[in-house]
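Enquirer: File entry.cif follows (mmCIF, C-alpha atoms):
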data_work
loop_
_atom_site.label_atom_id
_atom_site.label_comp_id
_atom_site.auth_asym_id
_atom_site.auth_seq_id
_atom_site.Cartn_x
_atom_site.Cartn_y
_atom_site.Cartn_z
CA MET A 1 117.11 87.79 108.03
CA THR A 2 115.73 86.43 104.78
CA MET A 3 112.16 87.21 103.82
CA THR A 4 110.22 85.50 101.06
CA ASP A 5 108.34 87.40 98.35
CA ALA A 6 105.05 86.31 99.94
CA GLN A 7 106.12 87.75 103.29
CA ARG A 8 107.23 91.02 101.65
CA GLU A 9 103.86 91.24 99.88
CA LEU A 10 101.99 90.66 103.14
CA LEU A 11 103.95 93.41 104.83
CA GLY A 12 103.24 95.69 101.85
CA MET A 13 99.52 95.06 102.31
CA TYR A 14 99.88 95.66 106.05
CA ARG A 15 101.62 98.98 105.40
CA ALA A 16 98.82 100.13 103.06
CA THR A 17 96.01 99.89 105.61
CA PRO A 18 96.84 103.08 107.58
CA ASP A 19 96.87 105.22 104.42
CA ILE A 20 93.59 103.75 103.18
CA LEU A 21 92.06 104.16 106.63
CA ARG A 22 93.12 107.80 106.86
CA GLY A 23 91.60 108.48 103.44
CA LEU A 24 88.31 106.77 104.28
CA THR A 25 87.91 108.58 107.62
CA ARG A 26 89.20 112.02 106.61
CA GLY A 27 86.64 114.68 107.44
CA LEU A 28 84.33 112.39 109.45
CA THR A 29 83.24 113.89 112.74
CA ASP A 30 82.65 111.67 115.75
CA ASP A 31 78.90 112.19 115.26
CA ASP A 32 79.15 111.12 111.59
CA ALA A 33 81.28 108.12 112.57
CA ARG A 34 78.67 106.91 115.04
CA THR A 35 75.77 106.93 112.59
CA GLY A 36 74.66 104.01 110.52
CA GLY A 37 74.88 100.37 111.18
CA GLU A 38 73.46 98.32 113.97
CA GLY A 39 74.84 94.95 115.00
CA SER A 40 77.57 92.77 113.53
CA ASP A 41 76.47 93.01 109.90
CA SER A 42 76.37 96.78 109.58
CA TRP A 43 78.59 98.54 112.07
CA SER A 44 79.06 102.31 112.03
CA PRO A 45 82.47 103.66 110.93
CA VAL A 46 83.79 104.03 114.47
CA GLU A 47 82.68 100.48 115.31
CA ILE A 48 84.50 99.13 112.25
CA VAL A 49 87.72 100.90 113.20
CA CYS A 50 87.42 99.75 116.83
CA HIS A 51 87.02 96.19 115.57
CA LEU A 52 90.12 96.53 113.38
CA ARG A 53 92.08 97.96 116.33
CA ASP A 54 91.08 95.14 118.66
CA ALA A 55 91.74 92.50 115.99
CA GLU A 56 95.21 94.00 115.43
CA GLU A 57 95.94 93.90 119.13
CA ARG A 58 94.94 90.24 119.34
CA SER A 59 96.81 89.31 116.18
CA MET A 60 99.98 90.91 117.52
CA ALA A 61 99.60 89.07 120.83
CA ARG A 62 99.11 85.77 118.98
CA THR A 63 102.13 86.45 116.77
CA ARG A 64 104.26 87.07 119.84
CA MET A 65 103.00 83.87 121.48
CA MET A 66 103.79 81.79 118.37
CA ARG A 67 107.21 83.42 118.08
CA ASP A 68 108.09 82.86 121.74
CA GLU A 69 106.30 79.63 122.70
CA ASP A 70 106.06 76.15 121.24
CA ARG A 71 102.61 75.68 119.66
CA PRO A 72 100.66 77.91 122.06
CA ALA A 73 96.89 77.71 122.46
CA LEU A 74 95.21 80.59 120.62
CA ILE A 75 91.73 81.33 121.92
CA GLY A 76 89.01 82.89 119.77
CA TYR A 77 86.75 85.68 120.95
CA ASP A 78 83.24 86.96 120.29
CA GLU A 79 83.63 90.18 118.29
CA ASN A 80 80.08 91.34 119.03
CA GLU A 81 80.54 90.85 122.75
CA LEU A 82 83.84 92.73 122.58
CA ALA A 83 82.11 95.60 120.74
CA GLU A 84 79.44 95.82 123.43
CA GLN A 85 81.88 95.61 126.33
CA GLY A 86 84.24 98.08 124.67
CA ARG A 87 81.40 100.52 123.97
CA TYR A 88 82.72 100.98 120.46
CA ARG A 89 80.05 103.44 119.35
CA GLU A 90 81.02 105.87 122.14
CA GLN A 91 84.72 106.06 121.23
CA SER A 92 86.47 108.89 119.40
CA LEU A 93 87.13 108.00 115.77
CA THR A 94 90.34 110.04 115.65
CA ALA A 95 91.73 108.39 118.78
CA VAL A 96 90.82 104.90 117.55
CA VAL A 97 92.36 105.47 114.10
CA GLU A 98 95.60 106.70 115.68
CA GLU A 99 95.72 103.76 118.11
CA LEU A 100 95.17 101.26 115.28
CA ILE A 101 97.93 102.89 113.24
CA ARG A 102 100.30 102.84 116.23
CA LEU A 103 99.59 99.15 116.82
CA ARG A 104 99.99 98.33 113.12
CA GLU A 105 103.37 100.10 112.93
CA GLU A 106 104.57 98.20 116.02
CA HIS A 107 103.32 94.92 114.57
CA ILE A 108 105.05 95.56 111.24
CA ARG A 109 108.36 96.20 113.02
CA GLU A 110 108.01 92.90 114.85
CA LEU A 111 107.09 90.99 111.68
CA GLU A 112 110.03 92.54 109.80
CA ALA A 113 112.39 91.26 112.51
CA LEU A 114 111.26 87.61 112.12
CA THR A 115 113.50 85.04 110.54
CA GLU A 116 112.09 82.86 107.78
CA ASP A 117 111.83 79.98 110.26
CA GLN A 118 109.89 82.15 112.71
CA TRP A 119 107.29 82.99 110.02
CA SER A 120 106.49 79.25 110.05
CA ARG A 121 106.05 78.93 113.81
CA GLU A 122 102.59 77.65 114.73
CA GLY A 123 99.88 77.79 117.34
CA GLU A 124 96.61 75.90 117.82
CA HIS A 125 93.49 78.04 117.51
CA ASN A 126 90.47 76.58 119.31
CA GLN A 127 88.20 77.31 116.32
CA MET A 128 90.47 77.49 113.26
CA GLY A 129 93.00 74.75 114.00
CA THR A 130 96.72 75.08 113.29
CA LEU A 131 97.87 78.58 112.33
CA SER A 132 101.34 79.86 111.52
CA ILE A 133 102.56 83.42 111.89
CA GLN A 134 102.46 83.71 108.11
CA SER A 135 98.90 82.33 107.84
CA ILE A 136 97.57 84.60 110.58
CA THR A 137 99.24 87.60 108.91
CA HIS A 138 97.65 86.60 105.60
CA HIS A 139 94.27 86.28 107.34
CA MET A 140 94.65 89.73 108.88
CA ALA A 141 95.56 91.33 105.53
CA PHE A 142 92.38 89.84 104.05
CA HIS A 143 90.45 90.91 107.17
CA ASP A 144 91.65 94.49 106.64
CA ALA A 145 90.47 94.47 103.02
CA VAL A 146 87.00 93.20 103.96
CA HIS A 147 86.50 95.82 106.66
CA LEU A 148 88.05 98.69 104.70
CA ALA A 149 85.54 97.92 101.92
CA GLN A 150 82.78 97.86 104.56
CA LEU A 151 84.00 101.23 105.83
CA GLY A 152 83.98 102.60 102.30
CA ARG A 153 80.36 101.54 101.86
CA THR A 154 79.31 103.41 105.02
#
Please rewrite the model in this file as structure tokens.

Expert:
Amino acid sequence: MTMTDAQRELLGMYRATPDILRGLTRGLTDDDARTGGEGSDSWSPVEIVCHLRDAEERSMARTRMMRDEDRPALIGYDENELAEQGRYREQSLTAVVEELIRLREEHIRELEALTEDQWSREGEHNQMGTLSIQSITHHMAFHDAVHLAQLGRT
């Protein structure tokens, strides 16, 4: 397997998220994690981490589809609806952090196993158009940074 510098950098960013997340949530009780924020613009800490977990799960599923299928359809979702249905604010911060980290570690292992050609495999997102495994991974690394900063502000 040959990996480009850009792919190595993306995986480095992906590996950093769990450490940053642990640091930002260290010492927060479930009660603390449920305070603050209402709605999509100002979620509480536990809601932010739930969102990151669910986004990771969907990103990994999309990556697998692009790896295994020819130009699969990738369907968007309503993050606010998912937060309501998933009852994010009621979840345990510790459990959600650990689940996100477990998913991220699994996703990293799968990304590390890709060939250079597989990084270029594509799917068609109903809202964002053509995406490759590399572009969706780049998007998710940026997504992490945005929400980790949001978590830091809370």

Enquirer: For each of A:Trp119, A:Tyr88, A:Trp43, A:Tyr77, take the minimum atom-to-atom distance to Leu151 in chain A, counting only C-alpha atoms, then give the residue where this is smallest.

Expert: A:Trp43

Enquirer: Which residues come within 8 Å of Val97 in chain A, counting all atoms listed in the file, excluding same-chain residues fewer than 2 positions away, as a PyMOL selection string?

Expert: chain A and resi 21-22+49+53+93-95+99-101

Enquirer: Expressed in Å to a single decimal, how great is the separation between CA of Glu84 in chain A and CA of Val46 in chain A?

Expert: 12.9 Å

Enquirer: What do you get, as a list in words, if you spell out every residue that the PyMOL selection byres ((chain A and resi 127) around 12) selects here?

Expert: Ala73, Leu74, Ile75, Gly76, Tyr77, Asp78, Gly123, Glu124, His125, Asn126, Met128, Gly129, Thr130 and Leu131 of chain A

Enquirer: So which residues fall inside 12 Å of (87.7, 95.3, 106.2) if we count only C-alpha atoms? Mind giving them as a ChimeraX atom specification?

Expert: /A:17,20-21,24,42-43,45,47-53,55-56,139-154

Enquirer: Take the residues from that selection and put them in a file with C-alpha atoms, as a compact mmCIF listing (two decimals), in the frame of the given file.

Expert:
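And here is the file that came out, again-v2.txt:
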# COMPACT_ATOMS: atom_id res chain seq x y z
CA THR A 17 96.01 99.89 105.61
CA ILE A 20 93.59 103.75 103.18
CA LEU A 21 92.06 104.16 106.63
CA LEU A 24 88.31 106.77 104.28
CA SER A 42 76.37 96.78 109.58
CA TRP A 43 78.59 98.54 112.07
CA PRO A 45 82.47 103.66 110.93
CA GLU A 47 82.68 100.48 115.31
CA ILE A 48 84.50 99.13 112.25
CA VAL A 49 87.72 100.90 113.20
CA CYS A 50 87.42 99.75 116.83
CA HIS A 51 87.02 96.19 115.57
CA LEU A 52 90.12 96.53 113.38
CA ARG A 53 92.08 97.96 116.33
CA ALA A 55 91.74 92.50 115.99
CA GLU A 56 95.21 94.00 115.43
CA HIS A 139 94.27 86.28 107.34
CA MET A 140 94.65 89.73 108.88
CA ALA A 141 95.56 91.33 105.53
CA PHE A 142 92.38 89.84 104.05
CA HIS A 143 90.45 90.91 107.17
CA ASP A 144 91.65 94.49 106.64
CA ALA A 145 90.47 94.47 103.02
CA VAL A 146 87.00 93.20 103.96
CA HIS A 147 86.50 95.82 106.66
CA LEU A 148 88.05 98.69 104.70
CA ALA A 149 85.54 97.92 101.92
CA GLN A 150 82.78 97.86 104.56
CA LEU A 151 84.00 101.23 105.83
CA GLY A 152 83.98 102.60 102.30
CA ARG A 153 80.36 101.54 101.86
CA THR A 154 79.31 103.41 105.02

Enquirer: Please indicate the distance in Å from CA of Val96 in chain A to CA of Met13 in chain A, rounded to one decimal place.

Expert: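 Distance reported for this atom pair: 20.1 Å.
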
Enquirer: Apply the PyMOL selection byres ((chain A and resi 132) around 6) to the structure shown and report the selected residues as a list in words.

Expert: Ser120, Arg121, Glu122, Leu131, Ile133, Gln134 and Ser135 of chain A

Enquirer: Take the PyMOL selection byres ((chain A and resi 67) around 9), run it mentally on this structure, and tell me the resulting residues as a list of chain:residue names.

Expert: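 After applying the PyMOL selection byres ((chain A and resi 67) around 9), what remains is A:Arg62, A:Thr63, A:Arg64, A:Met65, A:Met66, A:Asp68, A:Glu69, A:Asp70, A:Leu114, A:Gln118, A:Trp119, A:Arg121, A:Glu122, A:Ile133.
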
Enquirer: Select, from A:Arg58, A:Glu98, A:Arg8, A:Asp32, the residue with the minimum atom-to-atom distance to Glu79 in chain A, counting all atoms listed in the file.

Expert: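 Of A:Arg58, A:Glu98, A:Arg8, A:Asp32, the one nearest Glu79 in chain A, counting all atoms listed in the file, is A:Arg58.
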
Enquirer: So which one's closest to Ser92 in chain A, A:Ala33, A:Met3, A:Ala61, A:Leu11? Using all atoms listed in the file, please.

Expert: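 Nearest candidate to Ser92 in chain A out of A:Ala33, A:Met3, A:Ala61, A:Leu11: A:Ala33.
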
Enquirer: How many Å lie between CA of Ser59 in chain A and CA of Ile108 in chain A, rounded to one decimal?

Expert: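 CA of Ile108 in chain A lies 11.5 Å from CA of Ser59 in chain A.
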
Enquirer: Using all atoms listed in the file, find all polymer residues with an atom at most 9 Å away from the point (102.9, 94.0, 107.0); report them as a PyMOL selection string.

Expert: chain A and resi 7-16+104-105+107-109+111-112+137+141
